[in-house]
Amino acid sequence: MSYVIGGRPLAARLVAEMPSFVRQVIAALVERVPAYSQLPAEELAGDIHRVTEHALRAFAQVLSTGELPSAAELAFLRESAARRAEEGVPIDVVLTAYHVGIQVVWDVLVPEARPEEVQDVLALNALALRYLQLVTPVVSAGYLDERQTMFDDERSARATLLTGLLAGTVEAPGPFVVFALHLPPHPDELLPGVDAAVASRRKLRRVRTELERHSREPVLSSLTSDGGLALLPGEDLPCERIVADVTRAAGVPVTVAAVAAGASGVAAAAALAREVLAVAVRSGPGLYRLTDVLLEYQLSRPSAAVEPLAAIVEPLTDELVQTLEVYLRRGSRRPAATELHVHPNTVDYRLRRVAELTGLDPTRIEHVTLLTAALAARRSRP
């Protein structure tokens, strides 16, 4: 089937004026799509020019026969999309090029249509839509397959580097901040009828995305739905803000232990971060450094003193332990009563019970250090 507009077969005119149409399409791309205006001139004059001409000739063949592109033609377009993916050209830019090409042809030829050629114009419009419906998924598949391959290669390279750093067998340009994270289940993971695996993967994806957002360099991570390790390049990072943003993104109270490391000290820093996290997770969510849990960390090391210390507060009920912890942290009975939502007299009564059961008075400064250590020893036990 031959479409005629302006008294001339469209396919023949498109082929005869091919250099002009190619220039117009490339000019339109550069003008309308910022990404094309930033491409090197040699690429525009080379690969982009060649692909544009090939696509226009294929479309001319479609106009000439009324048949959609062959498998060979589609394979060429798929390979071209893969090259654009390799170059980092966004997929929306790649797909826009095909629509712009059809529009340029339409804008040049259709205004010349005569009244008796209206049916050919309508048929051309339907054919152009069918062409784009066929080409768009083929180009998208070629692009996304290449991107997936690149992503898999990059992920494999990152995993290899992280494994080497944690084993101490390789070095990478430092410094780093090693994050050890604990991620509790998201509420969606616990809802009946909800796929817990999907919910946990969504949580994990949000955490990874947030960590990447805070770094200009790739973040090396080994994370599962309940936590893991992440290496953020740089030093003096705003760790408090990062943890707050990760917590918001995860939708759960996140506990993070942070340890700075040089290029050759990642393995030791990661081991320390895990140990600090193991201690910190018993104290509640938030950001912890070793200096925040020095006593608890030290008491978590093998020592003959841990059990005797923990035994000091063994007679206390959970209510008395909570009251003692809040009182020692706040340093006064009224702030402690406010946090516990009880009357100050109740705090006084409970502190007297602590003194009776332990032989140590929380209101006496000489007993506070031992009680604090006893509570830390209690928390350090499994």
# chains A, B, ... in the order shown; residues from 1 in each chain; ligands from 1
>>> select_by_dssp(residues="stretch 226-374 of chain A", states="alpha helix (DSSP H)", output="compact mmCIF listing (two decimals) with N, CA, C and O atoms, in the first residue's frame")
# COMPACT_ATOMS: atom_id res chain seq x y z
N CYS A 239 26.04 12.05 60.91
CA CYS A 239 25.47 10.74 61.21
C CYS A 239 24.09 10.84 61.86
O CYS A 239 23.21 10.01 61.59
N GLU A 240 23.91 11.83 62.74
CA GLU A 240 22.61 11.97 63.40
C GLU A 240 21.50 12.19 62.38
O GLU A 240 20.42 11.59 62.45
N ARG A 241 21.77 13.07 61.41
CA ARG A 241 20.76 13.35 60.39
C ARG A 241 20.53 12.14 59.50
O ARG A 241 19.40 11.84 59.12
N ILE A 242 21.62 11.45 59.15
CA ILE A 242 21.49 10.26 58.30
C ILE A 242 20.62 9.22 58.99
O ILE A 242 19.71 8.65 58.39
N VAL A 243 20.89 8.97 60.27
CA VAL A 243 20.10 7.97 61.00
C VAL A 243 18.65 8.41 61.12
O VAL A 243 17.73 7.59 60.97
N ALA A 244 18.42 9.70 61.35
CA ALA A 244 17.04 10.19 61.42
C ALA A 244 16.32 9.99 60.09
O ALA A 244 15.15 9.57 60.06
N ASP A 245 17.00 10.27 58.99
CA ASP A 245 16.38 10.11 57.67
C ASP A 245 16.15 8.65 57.33
O ASP A 245 15.13 8.28 56.74
N VAL A 246 17.11 7.79 57.70
CA VAL A 246 16.94 6.35 57.46
C VAL A 246 15.77 5.81 58.28
O VAL A 246 14.97 5.00 57.79
N THR A 247 15.66 6.27 59.51
CA THR A 247 14.55 5.84 60.37
C THR A 247 13.21 6.26 59.76
O THR A 247 12.25 5.47 59.72
N ARG A 248 13.16 7.49 59.28
CA ARG A 248 11.92 7.97 58.65
C ARG A 248 11.59 7.15 57.42
O ARG A 248 10.44 6.75 57.21
N ALA A 249 12.61 6.87 56.59
CA ALA A 249 12.37 6.12 55.36
C ALA A 249 11.97 4.68 55.66
O ALA A 249 11.10 4.12 54.99
N ALA A 250 12.59 4.08 56.66
CA ALA A 250 12.29 2.68 56.99
C ALA A 250 10.92 2.52 57.60
O ALA A 250 10.28 1.48 57.44
N VAL A 266 38.89 -1.10 57.85
CA VAL A 266 37.46 -1.38 57.73
C VAL A 266 37.07 -2.65 58.48
O VAL A 266 36.04 -2.70 59.15
N ALA A 267 37.88 -3.68 58.35
CA ALA A 267 37.55 -4.96 58.99
C ALA A 267 37.41 -4.79 60.51
O ALA A 267 36.43 -5.25 61.12
N ALA A 268 38.37 -4.11 61.13
CA ALA A 268 38.32 -3.90 62.58
C ALA A 268 37.15 -3.00 62.95
O ALA A 268 36.47 -3.24 63.96
N ALA A 269 36.90 -1.96 62.15
CA ALA A 269 35.79 -1.05 62.44
C ALA A 269 34.45 -1.77 62.33
O ALA A 269 33.53 -1.53 63.13
N ALA A 270 34.32 -2.65 61.35
CA ALA A 270 33.07 -3.40 61.18
C ALA A 270 32.83 -4.32 62.36
O ALA A 270 31.70 -4.44 62.87
N ALA A 271 33.89 -4.99 62.82
CA ALA A 271 33.75 -5.88 63.98
C ALA A 271 33.33 -5.09 65.21
O ALA A 271 32.46 -5.51 65.97
N LEU A 272 33.96 -3.91 65.41
CA LEU A 272 33.61 -3.07 66.55
C LEU A 272 32.17 -2.56 66.42
O LEU A 272 31.42 -2.53 67.42
N ALA A 273 31.76 -2.15 65.22
CA ALA A 273 30.40 -1.65 65.02
C ALA A 273 29.38 -2.72 65.37
O ALA A 273 28.34 -2.42 66.00
N ARG A 274 29.64 -3.95 64.98
CA ARG A 274 28.71 -5.04 65.32
C ARG A 274 28.62 -5.23 66.83
O ARG A 274 27.53 -5.45 67.39
N GLU A 275 29.77 -5.14 67.51
CA GLU A 275 29.77 -5.32 68.96
C GLU A 275 29.04 -4.18 69.66
O GLU A 275 28.29 -4.40 70.61
N VAL A 276 29.28 -2.94 69.20
CA VAL A 276 28.59 -1.79 69.79
C VAL A 276 27.09 -1.91 69.56
O VAL A 276 26.28 -1.63 70.45
N LEU A 277 26.69 -2.36 68.37
CA LEU A 277 25.27 -2.52 68.07
C LEU A 277 24.63 -3.56 68.98
O LEU A 277 23.51 -3.36 69.48
N ALA A 278 25.34 -4.65 69.22
CA ALA A 278 24.80 -5.71 70.08
C ALA A 278 24.50 -5.17 71.47
O ALA A 278 23.54 -5.59 72.12
N VAL A 279 25.33 -4.23 71.94
CA VAL A 279 25.09 -3.62 73.24
C VAL A 279 24.01 -2.55 73.15
O VAL A 279 23.09 -2.49 73.98
N ALA A 280 24.08 -1.72 72.11
CA ALA A 280 23.18 -0.57 71.99
C ALA A 280 21.74 -0.98 71.76
O ALA A 280 20.82 -0.28 72.21
N LEU A 294 30.22 3.01 76.66
CA LEU A 294 31.50 2.50 77.14
C LEU A 294 31.34 1.49 78.27
O LEU A 294 31.94 0.41 78.24
N LEU A 295 30.52 1.83 79.26
CA LEU A 295 30.38 0.92 80.40
C LEU A 295 29.70 -0.37 79.98
O LEU A 295 30.17 -1.47 80.31
N GLU A 296 28.61 -0.26 79.22
CA GLU A 296 27.90 -1.45 78.76
C GLU A 296 28.79 -2.31 77.88
O GLU A 296 28.78 -3.54 77.96
N TYR A 297 29.58 -1.65 77.02
CA TYR A 297 30.47 -2.39 76.13
C TYR A 297 31.51 -3.15 76.94
O TYR A 297 31.77 -4.34 76.69
N GLN A 298 32.11 -2.47 77.89
CA GLN A 298 33.15 -3.12 78.69
C GLN A 298 32.57 -4.30 79.48
O GLN A 298 33.20 -5.36 79.58
N LEU A 299 31.35 -4.12 79.99
CA LEU A 299 30.74 -5.20 80.77
C LEU A 299 30.29 -6.35 79.89
O LEU A 299 30.01 -7.45 80.38
N SER A 300 30.18 -6.10 78.57
CA SER A 300 29.80 -7.19 77.67
C SER A 300 30.99 -8.08 77.33
O SER A 300 30.83 -9.14 76.74
N VAL A 306 30.97 -9.51 85.86
CA VAL A 306 29.66 -9.23 85.27
C VAL A 306 28.53 -9.85 86.07
O VAL A 306 27.55 -9.18 86.42
N GLU A 307 28.62 -11.14 86.35
CA GLU A 307 27.53 -11.81 87.05
C GLU A 307 27.32 -11.27 88.47
O GLU A 307 26.18 -11.02 88.87
N PRO A 308 28.38 -11.04 89.25
CA PRO A 308 28.15 -10.44 90.57
C PRO A 308 27.52 -9.05 90.48
O PRO A 308 26.68 -8.69 91.32
N LEU A 309 27.92 -8.27 89.49
CA LEU A 309 27.29 -6.96 89.33
C LEU A 309 25.81 -7.09 89.00
O LEU A 309 24.95 -6.42 89.59
N ALA A 310 25.49 -7.95 88.03
CA ALA A 310 24.09 -8.14 87.66
C ALA A 310 23.28 -8.67 88.81
O ALA A 310 22.09 -8.36 88.95
N ALA A 311 23.90 -9.46 89.66
CA ALA A 311 23.17 -10.04 90.78
C ALA A 311 22.71 -8.98 91.78
O ALA A 311 21.76 -9.21 92.53
N ILE A 312 23.36 -7.83 91.80
CA ILE A 312 22.98 -6.77 92.74
C ILE A 312 21.53 -6.35 92.53
O ILE A 312 20.78 -6.11 93.49
N ASP A 318 10.64 -5.67 87.46
CA ASP A 318 10.81 -4.87 86.25
C ASP A 318 10.41 -3.42 86.51
O ASP A 318 11.04 -2.49 86.00
N GLU A 319 9.37 -3.21 87.31
CA GLU A 319 8.92 -1.86 87.62
C GLU A 319 9.98 -1.09 88.39
O GLU A 319 10.26 0.08 88.10
N LEU A 320 10.61 -1.76 89.35
CA LEU A 320 11.67 -1.10 90.13
C LEU A 320 12.90 -0.84 89.27
O LEU A 320 13.55 0.21 89.42
N VAL A 321 13.24 -1.77 88.36
CA VAL A 321 14.37 -1.57 87.46
C VAL A 321 14.12 -0.36 86.57
O VAL A 321 15.00 0.50 86.39
N GLN A 322 12.90 -0.27 86.02
CA GLN A 322 12.58 0.87 85.16
C GLN A 322 12.68 2.18 85.94
O GLN A 322 13.24 3.17 85.45
N THR A 323 12.13 2.21 87.13
CA THR A 323 12.18 3.42 87.95
C THR A 323 13.62 3.81 88.25
O THR A 323 14.00 4.99 88.16
N LEU A 324 14.44 2.82 88.61
CA LEU A 324 15.85 3.09 88.92
C LEU A 324 16.57 3.64 87.70
O LEU A 324 17.34 4.62 87.81
N GLU A 325 16.35 3.04 86.54
CA GLU A 325 17.02 3.51 85.33
C GLU A 325 16.62 4.95 85.00
O GLU A 325 17.48 5.78 84.68
N VAL A 326 15.35 5.26 85.08
CA VAL A 326 14.88 6.61 84.76
C VAL A 326 15.42 7.60 85.79
O VAL A 326 15.88 8.70 85.43
N TYR A 327 15.39 7.23 87.04
CA TYR A 327 15.88 8.14 88.09
C TYR A 327 17.36 8.45 87.91
O TYR A 327 17.79 9.61 88.01
N LEU A 328 18.17 7.42 87.64
CA LEU A 328 19.60 7.64 87.46
C LEU A 328 19.89 8.46 86.22
O LEU A 328 20.84 9.26 86.19
N ARG A 329 19.07 8.30 85.19
CA ARG A 329 19.29 9.07 83.96
C ARG A 329 18.84 10.52 84.14
O ARG A 329 19.52 11.44 83.66
N ARG A 330 17.73 10.74 84.83
CA ARG A 330 17.21 12.11 85.00
C ARG A 330 17.85 12.84 86.17
O ARG A 330 17.89 14.08 86.18
N ARG A 333 13.97 13.20 91.33
CA ARG A 333 12.73 12.42 91.42
C ARG A 333 11.59 13.05 90.63
O ARG A 333 10.77 12.33 90.07
N ARG A 334 11.51 14.39 90.59
CA ARG A 334 10.38 15.01 89.87
C ARG A 334 10.44 14.77 88.36
O ARG A 334 9.45 14.36 87.76
N PRO A 335 11.59 15.02 87.70
CA PRO A 335 11.66 14.67 86.27
C PRO A 335 11.42 13.18 86.03
O PRO A 335 10.80 12.80 85.03
N ALA A 336 11.90 12.35 86.95
CA ALA A 336 11.68 10.91 86.80
C ALA A 336 10.20 10.59 86.92
O ALA A 336 9.66 9.77 86.15
N ALA A 337 9.52 11.23 87.86
CA ALA A 337 8.09 11.00 88.03
C ALA A 337 7.31 11.43 86.79
O ALA A 337 6.37 10.77 86.37
N THR A 338 7.73 12.55 86.19
CA THR A 338 7.05 13.04 84.98
C THR A 338 7.20 12.03 83.84
O THR A 338 6.22 11.73 83.15
N GLU A 339 8.41 11.51 83.66
CA GLU A 339 8.63 10.54 82.59
C GLU A 339 7.88 9.24 82.84
O GLU A 339 7.37 8.62 81.91
N LEU A 340 7.79 8.85 84.11
CA LEU A 340 7.12 7.59 84.45
C LEU A 340 5.61 7.75 84.60
O LEU A 340 4.90 6.74 84.77
N PRO A 344 5.55 11.99 92.43
CA PRO A 344 6.91 11.95 93.00
C PRO A 344 7.02 11.06 94.23
O PRO A 344 8.07 10.44 94.47
N ASN A 345 5.95 11.02 95.04
CA ASN A 345 5.99 10.16 96.22
C ASN A 345 6.13 8.68 95.84
O ASN A 345 6.73 7.90 96.58
N THR A 346 5.54 8.33 94.70
CA THR A 346 5.66 6.94 94.22
C THR A 346 7.11 6.62 93.88
O THR A 346 7.61 5.53 94.17
N VAL A 347 7.79 7.59 93.26
CA VAL A 347 9.21 7.41 92.96
C VAL A 347 9.99 7.23 94.26
O VAL A 347 10.85 6.33 94.35
N ASP A 348 9.70 8.05 95.24
CA ASP A 348 10.40 7.92 96.54
C ASP A 348 10.19 6.54 97.13
O ASP A 348 11.14 5.91 97.63
N TYR A 349 8.95 6.05 97.08
CA TYR A 349 8.65 4.74 97.65
C TYR A 349 9.44 3.64 96.92
O TYR A 349 10.05 2.76 97.55
N ARG A 350 9.44 3.71 95.58
CA ARG A 350 10.15 2.68 94.80
C ARG A 350 11.66 2.73 95.06
O ARG A 350 12.31 1.69 95.14
N LEU A 351 12.22 3.93 95.19
CA LEU A 351 13.66 4.03 95.45
C LEU A 351 14.01 3.45 96.83
O LEU A 351 15.08 2.86 97.00
N ARG A 352 13.10 3.63 97.79
CA ARG A 352 13.32 3.03 99.12
C ARG A 352 13.31 1.50 99.01
O ARG A 352 14.11 0.82 99.66
N ARG A 353 12.41 0.97 98.17
CA ARG A 353 12.36 -0.48 97.97
C ARG A 353 13.66 -0.98 97.32
O ARG A 353 14.17 -2.04 97.67
N VAL A 354 14.19 -0.18 96.36
CA VAL A 354 15.46 -0.54 95.74
C VAL A 354 16.55 -0.63 96.80
O VAL A 354 17.35 -1.58 96.82
N ALA A 355 16.59 0.35 97.67
CA ALA A 355 17.61 0.36 98.73
C ALA A 355 17.46 -0.84 99.66
O ALA A 355 18.45 -1.45 100.08
N GLU A 356 16.19 -1.19 99.98
CA GLU A 356 15.96 -2.33 100.88
C GLU A 356 16.41 -3.65 100.24
O GLU A 356 16.99 -4.51 100.91
N LEU A 357 16.14 -3.79 98.93
CA LEU A 357 16.42 -5.07 98.25
C LEU A 357 17.87 -5.23 97.84
O LEU A 357 18.37 -6.35 97.70
N THR A 358 18.57 -4.11 97.59
CA THR A 358 19.95 -4.19 97.09
C THR A 358 20.98 -3.79 98.12
O THR A 358 22.17 -4.11 97.97
N ILE A 365 25.26 9.52 96.48
CA ILE A 365 26.18 9.62 95.36
C ILE A 365 27.19 8.49 95.34
O ILE A 365 27.60 8.00 94.27
N GLU A 366 27.59 7.99 96.53
CA GLU A 366 28.61 6.93 96.57
C GLU A 366 28.06 5.59 96.09
O GLU A 366 28.83 4.66 95.82
N HIS A 367 26.71 5.45 96.03
CA HIS A 367 26.11 4.20 95.58
C HIS A 367 25.69 4.24 94.10
O HIS A 367 25.38 3.19 93.53
N VAL A 368 25.64 5.44 93.52
CA VAL A 368 25.12 5.59 92.15
C VAL A 368 25.98 4.85 91.13
O VAL A 368 25.47 4.16 90.24
N THR A 369 27.30 4.97 91.25
CA THR A 369 28.19 4.34 90.27
C THR A 369 28.01 2.83 90.25
O THR A 369 27.92 2.21 89.18
N LEU A 370 27.90 2.22 91.43
CA LEU A 370 27.76 0.76 91.50
C LEU A 370 26.40 0.32 90.95
O LEU A 370 26.31 -0.70 90.25
N LEU A 371 25.36 1.08 91.26
CA LEU A 371 24.03 0.74 90.73
C LEU A 371 24.00 0.88 89.20
O LEU A 371 23.40 0.06 88.50
N THR A 372 24.64 1.91 88.69
CA THR A 372 24.70 2.11 87.24
C THR A 372 25.42 0.94 86.57
O THR A 372 24.98 0.41 85.54
N ALA A 373 26.52 0.50 87.16
CA ALA A 373 27.26 -0.62 86.62
C ALA A 373 26.43 -1.90 86.71
O ALA A 373 26.46 -2.74 85.80
N ALA A 374 25.68 -2.06 87.79
CA ALA A 374 24.85 -3.25 87.95
C ALA A 374 23.77 -3.32 86.89
O ALA A 374 23.50 -4.39 86.33
>>> residues_around(residues="stretch 53-58 of chain A", least_positions_apart="6", cutoff="7 Å", atoms="only C-alpha atoms", output="PyMOL selection string")
chain A and resi 15+22+69
>>> write_last_selection(atoms="C-alpha atoms", output="short mmCIF file (atom, residue, chain, number, x, y, z; two decimals), in the first residue's frame")
data_model
loop_
_atom_site.label_atom_id
_atom_site.label_comp_id
_atom_site.auth_asym_id
_atom_site.auth_seq_id
_atom_site.Cartn_x
_atom_site.Cartn_y
_atom_site.Cartn_z
CA VAL A 15 13.68 8.33 0.91
CA VAL A 22 17.59 13.31 9.31
CA PRO A 69 9.16 -3.56 10.90
#
>>> residues_around(residues="A:Val219", least_positions_apart="4", cutoff="10 Å", atoms="only C-alpha atoms", output="PyMOL selection string")
chain A and resi 158+162+176+208-209+211-215+230-233
>>> write_last_selection(atoms="N, CA and C atoms", output="PDB file, in the first residue's frame")
ATOM      1  N   ARG A 158      30.677  -4.356  43.683  1.00  0.00           N
ATOM      2  CA  ARG A 158      30.555  -3.786  45.028  1.00  0.00           C
ATOM      3  C   ARG A 158      30.648  -4.881  46.084  1.00  0.00           C
ATOM      4  N   LEU A 162      33.369  -5.107  49.005  1.00  0.00           N
ATOM      5  CA  LEU A 162      32.969  -5.120  50.407  1.00  0.00           C
ATOM      6  C   LEU A 162      33.517  -6.356  51.113  1.00  0.00           C
ATOM      7  N   PHE A 176      36.024   5.852  55.679  1.00  0.00           N
ATOM      8  CA  PHE A 176      34.632   5.426  55.698  1.00  0.00           C
ATOM      9  C   PHE A 176      34.057   5.649  57.088  1.00  0.00           C
ATOM     10  N   ARG A 208      18.162   1.455  51.651  1.00  0.00           N
ATOM     11  CA  ARG A 208      19.295   1.576  50.729  1.00  0.00           C
ATOM     12  C   ARG A 208      19.242   2.897  49.973  1.00  0.00           C
ATOM     13  N   THR A 209      18.062   3.260  49.497  1.00  0.00           N
ATOM     14  CA  THR A 209      17.911   4.504  48.743  1.00  0.00           C
ATOM     15  C   THR A 209      18.296   5.698  49.596  1.00  0.00           C
ATOM     16  N   LEU A 211      20.337   5.761  52.219  1.00  0.00           N
ATOM     17  CA  LEU A 211      21.784   5.765  52.440  1.00  0.00           C
ATOM     18  C   LEU A 211      22.515   6.304  51.210  1.00  0.00           C
ATOM     19  N   GLU A 212      22.098   5.881  50.026  1.00  0.00           N
ATOM     20  CA  GLU A 212      22.716   6.364  48.792  1.00  0.00           C
ATOM     21  C   GLU A 212      22.510   7.864  48.626  1.00  0.00           C
ATOM     22  N   ARG A 213      21.379   8.358  49.077  1.00  0.00           N
ATOM     23  CA  ARG A 213      21.067   9.788  48.922  1.00  0.00           C
ATOM     24  C   ARG A 213      22.029  10.664  49.704  1.00  0.00           C
ATOM     25  N   HIS A 214      22.603  10.112  50.749  1.00  0.00           N
ATOM     26  CA  HIS A 214      23.508  10.883  51.602  1.00  0.00           C
ATOM     27  C   HIS A 214      24.965  10.749  51.185  1.00  0.00           C
ATOM     28  N   SER A 215      25.220  10.136  50.042  1.00  0.00           N
ATOM     29  CA  SER A 215      26.610   9.925  49.627  1.00  0.00           C
ATOM     30  C   SER A 215      26.759  10.178  48.132  1.00  0.00           C
ATOM     31  N   ALA A 230      26.740  -1.160  56.434  1.00  0.00           N
ATOM     32  CA  ALA A 230      26.826  -0.219  55.319  1.00  0.00           C
ATOM     33  C   ALA A 230      28.059   0.638  55.522  1.00  0.00           C
ATOM     34  N   LEU A 231      28.824   0.822  54.441  1.00  0.00           N
ATOM     35  CA  LEU A 231      30.036   1.650  54.476  1.00  0.00           C
ATOM     36  C   LEU A 231      29.769   2.930  53.714  1.00  0.00           C
ATOM     37  N   LEU A 232      29.740   4.061  54.419  1.00  0.00           N
ATOM     38  CA  LEU A 232      29.513   5.353  53.797  1.00  0.00           C
ATOM     39  C   LEU A 232      30.850   6.064  53.623  1.00  0.00           C
ATOM     40  N   PRO A 233      31.216   6.401  52.394  1.00  0.00           N
ATOM     41  CA  PRO A 233      32.499   7.086  52.176  1.00  0.00           C
ATOM     42  C   PRO A 233      32.497   8.469  52.822  1.00  0.00           C
TER      43      PRO A 233
END
>>> atom_distance(atom1="atom CA of A:Arg50", atom2="atom CA of A:Gly7")
29.3 Å
>>> closest_residue(among="A:Asp153, A:Gly174, A:Asp236, A:Leu229", to="A:Glu217", atoms="only C-alpha atoms")
A:Gly174
>>> closest_residue(among="A:Ala27, A:Gly286, A:Thr317, A:Glu43", to="A:Gly101", atoms="only C-alpha atoms")
A:Ala27
>>> residues_around(residues="A:Ile26", least_positions_apart="6", cutoff="10 Å", atoms="only C-alpha atoms", output="number ranges by chain")
A: 32, 36-37, 44-45, 48-49, 52-53, 97, 100-101, 104
>>> closest_residue(among="A:Met18, A:Leu165, A:Val93, A:Val62", to="A:Pro34", atoms="only C-alpha atoms")
A:Val93
